[in-house]
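Input: a single structure, listed below in structure tokens.
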Amino acid sequence: MITFTLNGASAAVDAPPTERLSETLRERLGLVGTKVGCDAGDCGACTVLLDGQAVCACLTPAARVAGRQVTTVEGETPELARLRAAFLAAGAAQCGICTPGMLMTAAELLALNPQPKASEVEVALGGVLCRCTGYRSIIAAVVAAGQGGSIPVTEGPVGAPVQRLDGAAKVAGDSFGADEWPEGALVVKAVRSPHAHAAFAIGDLAAFGARPGVAAVFTAADIPGRNAFSVIPPFADQPAIAATPARFRGECVALVAFEAGADLDLAGFPISWTPLPALMTPDKAETGARLHDTRPGNLLVEGRVRKGDAATALAASAHVVEGTMATAYVEHAYIEPEAGAAWMEADTLVIRACTQAPGMDREDTAAILGLPIDRVRIIPSAVGGGFGSKLDISLQPLIGLVTLKTGRACRMVYTRHESMTSTTKRHPAEMRGRIGCDANGRITAVEFEGRFNTGAYSSWGPTVANRVPVHVSGPYLTPHIAARAPAIHPHGPVSGAFRGFGVPQGALWQETLYDRLADKAGIDRLEFRLRNALRDGDASATGQTLRAVGIHDCLTALKPHWARALDKAKGRTGRGVGVASCWYGCGNTALPNPSTIRIGISHKGEVILHQGATDIGQGSNTVIAQIAAEALGLPLSAFRLIGPDTALTPDAGKTSASRQTFVSGRAAKAAAEALRAAILLRANAGQGATLALDGTSVVIRDRTLARIDLATLPPDRFGYALSSEETYDPPTTRLDADGQGAPYAVYGYGAQMVELEVDPALGTVRLLKITAAHDLGRVINPTLARGQIEGGIAQGIGLALMEEYLPHRTENLHDYLIPTFGDVPPIESLMIEVPDPEGPYGAKGLGEHVLIPTAPAILNAIRHATGAEIIRVPALPHRVLEAIGGVK
Amino acid sequence: MPEALLPEPLLYGRPDFARPATLPEALQLLDRGGWRILAGGTDLYPGAGPQLAGSVLDLTGVAGLDEIRHAGDLRIGAATSWASIAAASLPASIHALQAAARVVGGRQVQVAGTIGGNLCNASPAADGVPPLLALDAEVELQSLSGTRRLRLADFLQGPRKTALRPGEVLCAVVIPERAIAGRSAFVKLGARSHLVISIAMVAARVVSDQGRVTEVAVAVGSCSAVAQRLPAVEAALTGGPVTDAVRMVRAADVMSALSPIDDVRATAAYRGEAAVELVRRAVAGALA
């Protein structure tokens with residue numbers, strides 16, 4: 001028995017002496033506020049205080065706490081109280097998975113140094129990774145906590161910096177996929193392929209299944225439904241559990257369900273492997289044996305946009321540049337590895353797991369398990385970061401299978417290694433082409449070919465292939481374009497959705513060529529972009545007439561910063577300034593994309609928002625509630641949120657493609673307006689009436705005062721006194737064979753400027769400042785919007801400078817590098833509002849836009865600083881030095 | 001921590017874990033064989049399951065093993081954490097080691113990780129090693145059959161390979177009094193700010209007298225299987241004017257001691273280029 005002091009109270013626990021303290025706290029003491037991100041000391045999420053000092057609980061033997069004081073996020077100290085308030089006010093908790101580790105590390109700092117400076121915070125917290133915030137808001141929060149206090153903003157109209165409605169849970173240690181499970185749940189582990197391509201034979205499962213602690217073993221043969229899924233059903237090709245052969249390293253080939261408390265030992269699992277030739281690159285795959293019978297040349301799909309005659313226009317152009325750009329596999333590296341639990345409720349299979357797309361999870365899981373869809377219920381847990389990868393199912397069908405077959409509850413938590421090897425990545429791209437302009441610097445044509453490595457299965461490959469040609473002109477008037485993007489299947493990790501769906505890769509190519517073209521034309525690089533920026537009434541590359549185009553305003557907003565930065569960099573070796581733009585269509589590309597939102601007022605006078613848009617940290621719980629409150633005319637604080645839960649919330653679609661503020665926001669606005677109209681009708685009041693809740697009554701104040709006693713109303717179809725449910729589907733048209741059409745109803749725009757310093761002897765890059773101008777149409781919540789901008793920039797920095805996923809070699813968070821504190825410079829956000837008539841209150845999407853310009857702006861600044869043209873990211877120091885010409 | 005609260009070595013009543021309170025106890029236990037030695041845990045836990053496999057002997061309860069004593073020689077107990085080393089008040093010659101201590105992982109790893117563990121783990125990228133090589137550090141190894149001292153350069157035999165014998169404990173790192181002279185600097189190169197495995201790192205210690213370099217020690221890590229001193233560079237700089245020291249660092253002299261490789265972090269060619277530059281900066285830093 002280990003006795004110690006836990007959060008100020010004496011505690012005793014019987015645990016193996018070298019058990020990870022994180023395991024002891026979570027599994028034996030039920031304190032799940034301490035999160036596990038890597039089990040290796042690489043992420044700091046599990047930080048607790050041991051005698052006041054920050055340690056990783058995952059590296060601490062349980063025995064070592066004997067007689068000592070342990071403080072976790074469940075504790076209450078004056079430092080923690082100040083920090084929690086400051087984190088909420090600053091928007092320093094987004095998804096919340098790193099928040100306990102951040103809070104505990106900061107608590108130690110405040111105890112040692114009650115009023116730390118920003119630079120001291122950065123160093124002290126440097127051992128904790130965050131993938132959402134870009135760290136700046138965390139630094140600000142800790143500094144503010146040291147300065148005393150933060151005043152919470154909990155009420156306000158659209159446009160108010162209201163703190164997250166789900167924030168209190170985030171700063172207390174929210175409940176993620178790994179944090180809830182029924183007592184006695186089986187523990188599921190996957191057997192995965194160690195090879196990129198291999199045949200396998202499974203041996204005596206009965207003998208393995210008879211081992212003590214093993215409850216059941218499952219293989220592909222046990223899948224009762226269709227063992228093939230894809231986010232786009234016509235492309236369904238990926239097995240939940242593979243039958244031979246395995247097509248990528250990390251693919252699941254069998255499941256073992258262990259009894260709770262058993263030794264989770266997969267050693268000796270009866271499987272024999274025969275490695276087969278692996279096609280690891282698109283060029284090898286194009287000429288190699290087929291991965292999927294129906295796809296010759298291992299071509300999944302090719303996206304195209306063709307307008308005018310690009311070749312002829314280029315031949316007639318005053319200036320033409322030609323260039324290539326290559327990008328790497330990029331790992332989402334959310335701090336929460338995939339996790340969840342499953343159980344039966346009567347005939348219904350319930351799956352609680354981290355996800356961005358509960359509706360799609362439900363459809364796919366039902367199909368794989370051969371269940372009617374109404375027998376599957378998906379309850380999203382808090383999501384510890386998604387960024388696109390948690391759109392695809394991962395463990396949902398696996399735990400669903402175990403529970404369905406055994407009738408018992410089960411749970412599964414991916415290791416960091418499993419999360420990295422088995423889930424999707426950003427598509428590596430090999431891009432080339434030409435861009436031309438006339439003598440006045442007006443773009444004449446773009447010719448582009450981008451080969452996208454889509455990995456072994458389809459996932460979001462078709463979406464990427466279609467989105468890239470649509471966007472590769474950038475937000476610039478481009479009369480002639482010929483763009484194609486084939487997606488090819490090698491035996492690599494599955495490439496899926498990652499913030500931007502291929503657009504960031506295309507922008508790297510286009511925006512770096514723009515700098516070269518501007519130089520050729522002898523025009524300032526910002527001026528060159530302004531000259532070509534799309535304007536209202538212009539036609540896009542797909543022939544869509546655009547409105548509410550904000551790119552000109554964004555670039556214009558950067559002008560004074562640009563002048564200052566160029567002046568500052570002048571004559572200073574290694575200093576450079578770069579700029580790049582973005583545009584991004586919000587929602588599915590030329591496909592239906594509806595969201596439905598329900599709002600009810602109960603007989604007790606509560607306003608209930610059935611909010612099915614998964615909040616993965618970006619803030620949809622808050623933003624959609626703000627929109628609903630504004631449209632209904634009742635205070636935000638009157639709202640209570642339900643969901644997401646496929647049993648309780650109508651389908652608000654997936655959290656992807658920067659669609660929730662726009663699409664679900666529009667649905668929420670429509671539902672709130674309908675509810676308001678119904679109330680006003682009952683009271684015979686005019687549009688200008690004000691509403692208030694008073695006990696079980698709604699009070700309507702117009703020229704006269706009216707009162708609806710909710711308690712007396714009969715329950716409506718949803719059981720409420722009053723309710724409404726509305727659906728919004730953005731108006732789009734299909735694209736024709738040349739990619740012509742109106743694929744999106746709303747586009748968002750932005751431009752970023754990077755100031756940096758290159759060490760000419762080492763090739764290292766130090767970012768000094770990023771100025772980000774983004775057109776949000778209407779800023780619903782400036783704190784959350786800034787959080788998106790800063791977090792997207794951090795991921796853009798990673799894409800540009802350090803992130804490269806290599807199977808076998810960077811399958812952990814110390815070989816695979818994501819930005820840390822200190823890698824993200826101060827960011828100045830300039831929020832531009834060019835309202836879109838289609839968006840709620842004019843709002844446009846933002847989540848993906850913010851990542852797109854960062855990497856090309858960094859490369860453009862490196863070129864400005866050194867003359868070096870980087871054509872392959874990440875621009876690791878050795879690549880930069882080589883491009884400078886410094887490596888002999 | 002009050003002694004009485006320390007668990008007794010075999011309090012757990014199990015043969016596979018011990019946390020001795022004294023060195024003799026530890027050596028007695030170790031003599032039975034079959035133990036994995038646990039200190040900070042920062043290298044043992046990654047890759048492990050919910051608990052460590054095998055029989056584990058935890059040295060962090062051993063009294064005195066986490067002390068820094070400066071009396072002539074500087075003796076750093078093997079279980080001294082990086083955080084303690086960084087926070088200690090030590091002479092300028094030790095500043096490179098303290099700078100390295102501040103970049104071994106993040107705060108959490110520095111609080112737990114120990115100098116002895118770092119050496120026994122014998123990673124080619126161990127940040128603590130170049131500063132210690134530049135200090136002519138020795139390691140004190142104890143077993144039931146006695147105590148021996150080895151130069152750190154002889155203790156580290158290759159990646160993950162040391163001269164530690166069965167039954168032996170690395171008890172202390174000893175910096176001889178004669179090496180506690182001059183000023184030192186540490187420079188680390190990685191692709192991000194924090195939590196980064198070094199592409200290369202360099203420690204330099206320079207002693208000068210009346211404008212002349214009287215003694216210089218330079219060591220480079222991550223550019224060979226084991227971090228290396230640079231004898232040719234040291235010879236070239238010794239006796240020369242301080243003002244010329246950086247200029248006297250010749251690429252060929254640096255490279256003659258190194259054998260960099262390609263890996264995910266950098267190419268071999270880059271490592272070589274960078275090492276030369278870092279040596280110059282470390283020397284400049286030690287003279288600053």
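Chain labels follow the order of the structure tokens: the first chain is A, the next B, and so on; residue numbering restarts at 1 in every chain, and ligands are counted from 1 in their shown order.
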Inset, instruction - Determine which residues of chain A sit within 8 Å of chain B, taking into account only C-alpha atoms, and present them as a PyMOL selection string. - result: chain A and resi 1+16-20+23+39-42+44+47+53-56+58-61+66-68+124-128+761-762+764+801-802+809-810+814-815+817+819-823+876-878+881+887-888
Using C-alpha atoms, can you write the selected residues to a file as a compact mmCIF listing (two decimals), in the first residue's frame?
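Resulting contents of part.txt:
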# COMPACT_ATOMS: atom_id res chain seq x y z
CA MET A 1 0.00 0.00 0.00
CA PRO A 16 2.50 -2.15 -8.46
CA PRO A 17 5.51 -0.07 -7.39
CA THR A 18 6.65 0.79 -10.91
CA GLU A 19 3.20 1.43 -12.27
CA ARG A 20 3.08 4.77 -14.05
CA GLU A 23 -2.10 4.85 -14.59
CA ASP A 39 3.53 7.77 -22.22
CA ALA A 40 7.03 8.95 -23.03
CA GLY A 41 7.56 12.39 -21.53
CA ASP A 42 7.26 13.98 -24.97
CA GLY A 44 3.66 16.93 -20.82
CA THR A 47 1.98 16.77 -15.65
CA GLN A 53 7.50 20.18 -8.67
CA ALA A 54 6.16 19.48 -12.14
CA VAL A 55 6.71 15.90 -13.28
CA CYS A 56 5.25 13.73 -15.98
CA CYS A 58 3.63 8.80 -17.02
CA LEU A 59 7.34 8.68 -16.09
CA THR A 60 6.84 8.54 -12.34
CA PRO A 61 6.74 5.19 -10.55
CA ALA A 66 5.01 7.42 -0.91
CA GLY A 67 4.99 9.98 1.87
CA ARG A 68 4.91 12.86 -0.57
CA ALA A 124 8.80 27.13 -17.89
CA LEU A 125 5.96 25.63 -19.93
CA GLY A 126 8.20 24.48 -22.78
CA GLY A 127 7.74 20.84 -21.83
CA VAL A 128 4.03 20.78 -22.63
CA ALA A 761 25.58 29.61 -41.18
CA LEU A 762 23.16 27.05 -39.74
CA THR A 764 17.85 27.74 -38.87
CA LEU A 801 9.64 24.15 -40.88
CA MET A 802 9.61 20.81 -39.06
CA ARG A 809 11.15 6.58 -38.23
CA THR A 810 9.02 9.34 -36.77
CA HIS A 814 10.06 13.30 -30.13
CA ASP A 815 11.14 12.26 -33.60
CA LEU A 817 8.35 17.45 -34.31
CA PRO A 819 5.92 23.42 -32.80
CA THR A 820 6.56 24.03 -29.11
CA PHE A 821 6.38 27.14 -26.96
CA GLY A 822 9.00 29.37 -28.51
CA ASP A 823 8.40 28.27 -32.09
CA LEU A 876 14.60 21.72 -41.97
CA PRO A 877 17.86 23.50 -41.21
CA HIS A 878 19.87 21.23 -43.50
CA LEU A 881 21.39 25.67 -45.64
CA VAL A 887 26.60 22.85 -47.64
CA LYS A 888 29.62 21.93 -49.68
Inset, instruction - Within segment 7-126 of chain B, find each residue whose DSSP state, derived from the backbone, is helix (DSSP H, G or I), and express the selection as a PyMOL selection string. - result: chain B and resi 23-31+59-61+82-87+92-101+107-112+115-121
Please dump the current selection as a CSV table (one decimal), in the first residue's frame; keep C-alpha atoms.
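That gives us result.csv:
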chain,number,residue,atom,x,y,z
B,23,LEU,CA,24.2,2.6,-1.0
B,24,PRO,CA,25.5,-0.5,0.8
B,25,GLU,CA,21.9,-1.9,0.7
B,26,ALA,CA,21.7,-1.1,-2.9
B,27,LEU,CA,25.0,-2.8,-3.7
B,28,GLN,CA,23.9,-5.9,-1.7
B,29,LEU,CA,20.7,-6.1,-3.7
B,30,LEU,CA,22.4,-5.5,-6.9
B,31,ASP,CA,24.9,-8.2,-6.2
B,59,LEU,CA,18.1,4.3,-6.7
B,60,THR,CA,16.4,7.6,-6.0
B,61,GLY,CA,15.8,6.7,-2.3
B,82,TRP,CA,19.0,18.3,-14.1
B,83,ALA,CA,16.8,20.8,-12.4
B,84,SER,CA,19.0,20.7,-9.3
B,85,ILE,CA,22.2,21.0,-11.4
B,86,ALA,CA,20.6,24.0,-13.3
B,87,ALA,CA,19.7,25.7,-10.0
B,92,ALA,CA,31.8,29.5,-14.6
B,93,SER,CA,33.5,26.4,-15.9
B,94,ILE,CA,30.4,24.5,-15.1
B,95,HIS,CA,28.0,26.9,-16.8
B,96,ALA,CA,28.0,24.8,-20.0
B,97,LEU,CA,26.7,21.8,-18.0
B,98,GLN,CA,24.1,24.0,-16.4
B,99,ALA,CA,23.0,25.3,-19.8
B,100,ALA,CA,22.7,21.8,-21.0
B,101,ALA,CA,20.7,20.9,-17.9
B,107,ARG,CA,10.8,21.2,-17.0
B,108,GLN,CA,9.2,17.8,-16.2
B,109,VAL,CA,12.1,15.8,-17.6
B,110,GLN,CA,14.6,18.1,-15.9
B,111,VAL,CA,12.9,17.6,-12.5
B,112,ALA,CA,12.9,13.8,-12.8
B,115,ILE,CA,22.8,13.0,-14.6
B,116,GLY,CA,23.7,9.4,-13.8
B,117,GLY,CA,20.8,8.1,-15.8
B,118,ASN,CA,21.7,10.3,-18.7
B,119,LEU,CA,25.2,8.8,-18.8
B,120,CYS,CA,24.2,5.2,-18.3
B,121,ASN,CA,21.6,5.5,-21.1
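One finds atom CA of Gly506 of chain A at 16.5 Å from atom CA of Arg529 of chain A.
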